[in-house]
Amino acid sequence: MPLDLIQTELGVDRAELTEKVNALNDQFRHHSAHDVMHGALEEIERLALVSSFGAESVVLLHMAAVVDKMTPVLFVDTQMLFAETLEYQHEVSERLGLKNVQIIRADDEDIQRGDPYGSLRLRDTDACCNLRKTFPLQKALSGYCGWITGRKRFQSGTRAALEFFEVEDGTGRIKVNPLAHWAPEDVRAYMEENNLPRHPLVAKGYPSIGCAPCTSPVKEGEDPRAGRWRNKDKEECGIHFVDGKMVRVGEQT
């Protein structure tokens with residue numbers, strides 16, 4: 001759907017949206033991640049939290065639960081996830097009392113048409129991610145004015161200038177990144193202080209967890225995301241891209 005049509009559907013004016021995002025960044029520039037979460041849920045209508053229930057996801061999920069347990073949580077089940085991830089999703093949802101977790105999957109017809117034998121990942125990882133994760137999530141986000149992500153500046157060079165709030169070019173939605181300025185030790189400290197359960201694969205050498213066929217253990221000294229699409233020229237699954245391009249503030253797609 002074109003940007004102008006999405007903005008019309010959401011009742012958003014581009015100039016007003018940009019002004020609001022800039023104002024929110026100024027307002028929360030020196031505030032905590034929890035303040036950003038609380039402010040976002042108060043200030044932005046129809047806001048969803050997108051979670052992979054991965055290695056660090058429980059931090060953001062806990063913050064949302066503290067503010068409002070009815071916060072919509074969108075979990076994309078690619079049908080290629082680790083069994084441990086599916087079990088962890090259930091455990092964390094129950095423990096935190098999340099009351100609005102929505103499990104998103106690709107349509108059966110799309111899977112049968114695009115990847116009937118589950119082998120698409122072997123010849124085109126981007127197409128597999130689009131089919132099983134990006135497109136279903138885009139569909140699920142239809143009607144939302146914004147979404148909350150767990151992205152952090154330290155995770156990769158493409159995220160080095162990440163702000164708390166940004167305009168998602170190509171959709172007209174606001175993306176909220178409460179943990180943008182957090183370091184790995186901040187994540188560990190929060191989990192320990194709040195006695196939050198860790199994903200069982202973390203202890204087995206998986207600091208970043210995606211689909212089982214495309215995620216491998218990380219050796220000591222490697223980048224935490226080195227196990228994602230190892231030996232391939234790929235850093236992102238695609239949910240932070242629009243039409244195949246990285247989405248950044250002020251960048252037209």
# chains A, B, ... in the order shown; residues from 1 in each chain; ligands from 1

call {"tool": "closest_atom_pairs", "arguments": {"of": "segment 36-97 of chain A", "to": "segment 125-128 of chain A", "cutoff": "12 Å", "atoms": "only C-alpha atoms", "output": "CSV"}}
result
residue,atom,partner,partner_atom,distance
A:Thr78,CA,A:Cys128,CA,9.4
A:Gln79,CA,A:Cys128,CA,11.3
A:Met80,CA,A:Cys128,CA,10.4

call {"tool": "write_last_selection", "arguments": {"atoms": "all heavy atoms", "output": "PDB file, in the first residue's frame"}}
result
ATOM      1  N   THR A  78       7.480 -18.255  12.478  1.00  0.00           N
ATOM      2  CA  THR A  78       7.846 -18.556  11.094  1.00  0.00           C
ATOM      3  C   THR A  78       7.642 -20.026  10.747  1.00  0.00           C
ATOM      4  O   THR A  78       7.825 -20.424   9.612  1.00  0.00           O
ATOM      5  CB  THR A  78       9.322 -18.198  10.840  1.00  0.00           C
ATOM      6  OG1 THR A  78      10.148 -19.033  11.669  1.00  0.00           O
ATOM      7  CG2 THR A  78       9.587 -16.733  11.151  1.00  0.00           C
ATOM      8  N   GLN A  79       7.318 -20.826  11.744  1.00  0.00           N
ATOM      9  CA  GLN A  79       7.178 -22.275  11.612  1.00  0.00           C
ATOM     10  C   GLN A  79       8.526 -22.938  11.332  1.00  0.00           C
ATOM     11  O   GLN A  79       8.587 -24.079  10.892  1.00  0.00           O
ATOM     12  CB  GLN A  79       6.155 -22.629  10.528  1.00  0.00           C
ATOM     13  CG  GLN A  79       4.756 -22.087  10.862  1.00  0.00           C
ATOM     14  CD  GLN A  79       3.737 -22.343   9.792  1.00  0.00           C
ATOM     15  OE1 GLN A  79       3.920 -21.948   8.648  1.00  0.00           O
ATOM     16  NE2 GLN A  79       2.651 -23.001  10.148  1.00  0.00           N
ATOM     17  N   MET A  80       9.583 -22.178  11.637  1.00  0.00           N
ATOM     18  CA  MET A  80      10.942 -22.718  11.572  1.00  0.00           C
ATOM     19  C   MET A  80      11.726 -22.330  12.825  1.00  0.00           C
ATOM     20  O   MET A  80      12.956 -22.372  12.834  1.00  0.00           O
ATOM     21  CB  MET A  80      11.676 -22.218  10.319  1.00  0.00           C
ATOM     22  CG  MET A  80      11.203 -22.854   9.034  1.00  0.00           C
ATOM     23  SD  MET A  80      12.334 -22.544   7.650  1.00  0.00           S
ATOM     24  CE  MET A  80      11.648 -23.646   6.414  1.00  0.00           C
TER      25      MET A  80
END

call {"tool": "select_by_dssp", "arguments": {"residues": "segment 34-235 of chain A", "states": "helix (DSSP H, G or I)", "output": "ChimeraX atom specification"}}
result
/A:34-43,57-67,83-96,108-114,120-123,125-140,153-155,157-159,184-193,202-204,212-214

call {"tool": "residues_around", "arguments": {"residues": "Asn25 of chain A", "least_positions_apart": "4", "cutoff": "7 Å", "atoms": "only C-alpha atoms", "output": "PyMOL selection string"}}
result
chain A and resi 21+29+164-165

call {"tool": "residues_around", "arguments": {"residues": "Arg46 of chain A", "least_positions_apart": "6", "cutoff": "10 Å", "atoms": "only C-alpha atoms", "output": "PyMOL selection string"}}
result
chain A and resi 10+71-72+141+143-147

call {"tool": "select_by_dssp", "arguments": {"residues": "segment 24-139 of chain A", "states": "strand (DSSP E or B)", "output": "MDAnalysis selection string"}}
result
chainID A and resid 47:50 73:76 81 101:104

call {"tool": "closest_residue", "arguments": {"among": "A:Gly54, A:Met63, A:Val92, A:Val73", "to": "Thr215 of chain A", "atoms": "only C-alpha atoms"}}
result
A:Gly54

call {"tool": "residues_around", "arguments": {"residues": "His90 of chain A", "least_positions_apart": "6", "cutoff": "12 Å", "atoms": "only C-alpha atoms", "output": "PyMOL selection string"}}
result
chain A and resi 53+58+75+83-84+96-99+101-103+197+199

call {"tool": "decode", "arguments": {"residues": "segment 60-74 of chain A", "atoms": "all heavy atoms", "output": "mmCIF file, in the first residue's frame"}}
result
data_model
loop_
_atom_site.group_PDB
_atom_site.id
_atom_site.type_symbol
_atom_site.label_atom_id
_atom_site.label_comp_id
_atom_site.auth_asym_id
_atom_site.auth_seq_id
_atom_site.Cartn_x
_atom_site.Cartn_y
_atom_site.Cartn_z
ATOM 1 N N LEU A 60 11.997 -6.044 27.300
ATOM 2 C CA LEU A 60 10.974 -5.159 26.749
ATOM 3 C C LEU A 60 9.573 -5.655 27.102
ATOM 4 O O LEU A 60 8.678 -4.854 27.399
ATOM 5 C CB LEU A 60 11.139 -5.095 25.231
ATOM 6 C CG LEU A 60 10.775 -3.791 24.530
ATOM 7 C CD1 LEU A 60 11.538 -2.616 25.122
ATOM 8 C CD2 LEU A 60 11.063 -3.897 23.040
ATOM 9 N N LEU A 61 9.385 -6.959 27.085
ATOM 10 C CA LEU A 61 8.087 -7.522 27.438
ATOM 11 C C LEU A 61 7.739 -7.218 28.890
ATOM 12 O O LEU A 61 6.580 -6.911 29.215
ATOM 13 C CB LEU A 61 8.103 -9.035 27.205
ATOM 14 C CG LEU A 61 8.185 -9.473 25.743
ATOM 15 C CD1 LEU A 61 8.588 -10.942 25.636
ATOM 16 C CD2 LEU A 61 6.842 -9.239 25.037
ATOM 17 N N HIS A 62 8.725 -7.286 29.766
ATOM 18 C CA HIS A 62 8.502 -6.965 31.172
ATOM 19 C C HIS A 62 8.126 -5.498 31.336
ATOM 20 O O HIS A 62 7.195 -5.157 32.084
ATOM 21 C CB HIS A 62 9.760 -7.284 31.990
ATOM 22 C CG HIS A 62 9.634 -6.984 33.445
ATOM 23 N ND1 HIS A 62 10.081 -5.787 33.996
ATOM 24 C CD2 HIS A 62 9.097 -7.697 34.477
ATOM 25 C CE1 HIS A 62 9.840 -5.799 35.293
ATOM 26 N NE2 HIS A 62 9.241 -6.934 35.603
ATOM 27 N N MET A 63 8.824 -4.608 30.641
ATOM 28 C CA MET A 63 8.511 -3.176 30.727
ATOM 29 C C MET A 63 7.090 -2.896 30.263
ATOM 30 O O MET A 63 6.365 -2.113 30.884
ATOM 31 C CB MET A 63 9.498 -2.369 29.876
ATOM 32 C CG MET A 63 10.895 -2.281 30.437
ATOM 33 S SD MET A 63 11.938 -1.218 29.398
ATOM 34 C CE MET A 63 13.512 -1.398 30.253
ATOM 35 N N ALA A 64 6.692 -3.542 29.181
ATOM 36 C CA ALA A 64 5.330 -3.344 28.678
ATOM 37 C C ALA A 64 4.306 -3.873 29.662
ATOM 38 O O ALA A 64 3.266 -3.247 29.900
ATOM 39 C CB ALA A 64 5.173 -4.033 27.325
ATOM 40 N N ALA A 65 4.579 -5.034 30.262
ATOM 41 C CA ALA A 65 3.648 -5.631 31.213
ATOM 42 C C ALA A 65 3.478 -4.751 32.444
ATOM 43 O O ALA A 65 2.381 -4.670 33.010
ATOM 44 C CB ALA A 65 4.134 -7.014 31.621
ATOM 45 N N VAL A 66 4.551 -4.096 32.871
ATOM 46 C CA VAL A 66 4.481 -3.204 34.027
ATOM 47 C C VAL A 66 3.548 -2.026 33.735
ATOM 48 O O VAL A 66 2.771 -1.596 34.592
ATOM 49 C CB VAL A 66 5.883 -2.696 34.413
ATOM 50 C CG1 VAL A 66 5.791 -1.564 35.435
ATOM 51 C CG2 VAL A 66 6.722 -3.842 34.980
ATOM 52 N N VAL A 67 3.613 -1.518 32.516
ATOM 53 C CA VAL A 67 2.785 -0.369 32.139
ATOM 54 C C VAL A 67 1.352 -0.782 31.845
ATOM 55 O O VAL A 67 0.394 -0.197 32.348
ATOM 56 C CB VAL A 67 3.378 0.353 30.904
ATOM 57 C CG1 VAL A 67 2.476 1.525 30.485
ATOM 58 C CG2 VAL A 67 4.782 0.866 31.203
ATOM 59 N N ASP A 68 1.180 -1.811 31.015
ATOM 60 C CA ASP A 68 -0.164 -2.242 30.622
ATOM 61 C C ASP A 68 -0.101 -3.668 30.081
ATOM 62 O O ASP A 68 0.428 -3.913 28.998
ATOM 63 C CB ASP A 68 -0.722 -1.301 29.546
ATOM 64 C CG ASP A 68 -2.157 -1.616 29.162
ATOM 65 O OD1 ASP A 68 -2.718 -2.606 29.685
ATOM 66 O OD2 ASP A 68 -2.724 -0.878 28.334
ATOM 67 N N LYS A 69 -0.661 -4.600 30.814
ATOM 68 C CA LYS A 69 -0.614 -6.010 30.404
ATOM 69 C C LYS A 69 -1.469 -6.293 29.169
ATOM 70 O O LYS A 69 -1.381 -7.366 28.589
ATOM 71 C CB LYS A 69 -1.057 -6.904 31.570
ATOM 72 C CG LYS A 69 -0.126 -6.858 32.775
ATOM 73 C CD LYS A 69 -0.552 -7.839 33.848
ATOM 74 C CE LYS A 69 0.284 -7.689 35.104
ATOM 75 N NZ LYS A 69 1.725 -7.909 34.847
ATOM 76 N N MET A 70 -2.300 -5.310 28.770
ATOM 77 C CA MET A 70 -3.105 -5.467 27.565
ATOM 78 C C MET A 70 -2.401 -4.939 26.320
ATOM 79 O O MET A 70 -2.986 -4.944 25.227
ATOM 80 C CB MET A 70 -4.454 -4.753 27.722
ATOM 81 C CG MET A 70 -5.446 -5.489 28.621
ATOM 82 S SD MET A 70 -5.821 -7.161 28.010
ATOM 83 C CE MET A 70 -6.561 -6.793 26.425
ATOM 84 N N THR A 71 -1.158 -4.513 26.450
ATOM 85 C CA THR A 71 -0.401 -4.052 25.287
ATOM 86 C C THR A 71 -0.372 -5.151 24.223
ATOM 87 O O THR A 71 -0.011 -6.294 24.519
ATOM 88 C CB THR A 71 1.051 -3.712 25.678
ATOM 89 O OG1 THR A 71 1.049 -2.664 26.655
ATOM 90 C CG2 THR A 71 1.858 -3.267 24.471
ATOM 91 N N PRO A 72 -0.767 -4.846 22.985
ATOM 92 C CA PRO A 72 -0.705 -5.871 21.940
ATOM 93 C C PRO A 72 0.741 -6.325 21.710
ATOM 94 O O PRO A 72 1.632 -5.494 21.498
ATOM 95 C CB PRO A 72 -1.248 -5.143 20.700
ATOM 96 C CG PRO A 72 -2.054 -4.011 21.240
ATOM 97 C CD PRO A 72 -1.354 -3.581 22.490
ATOM 98 N N VAL A 73 0.978 -7.627 21.770
ATOM 99 C CA VAL A 73 2.301 -8.192 21.517
ATOM 100 C C VAL A 73 2.189 -9.089 20.290
ATOM 101 O O VAL A 73 1.439 -10.065 20.295
ATOM 102 C CB VAL A 73 2.806 -9.010 22.723
ATOM 103 C CG1 VAL A 73 4.142 -9.682 22.382
ATOM 104 C CG2 VAL A 73 2.954 -8.118 23.952
ATOM 105 N N LEU A 74 2.923 -8.753 19.239
ATOM 106 C CA LEU A 74 2.881 -9.518 18.000
ATOM 107 C C LEU A 74 4.103 -10.432 17.933
ATOM 108 O O LEU A 74 5.242 -9.973 17.917
ATOM 109 C CB LEU A 74 2.862 -8.581 16.791
ATOM 110 C CG LEU A 74 1.793 -7.476 16.784
ATOM 111 C CD1 LEU A 74 1.836 -6.712 15.461
ATOM 112 C CD2 LEU A 74 0.401 -8.051 17.020
#
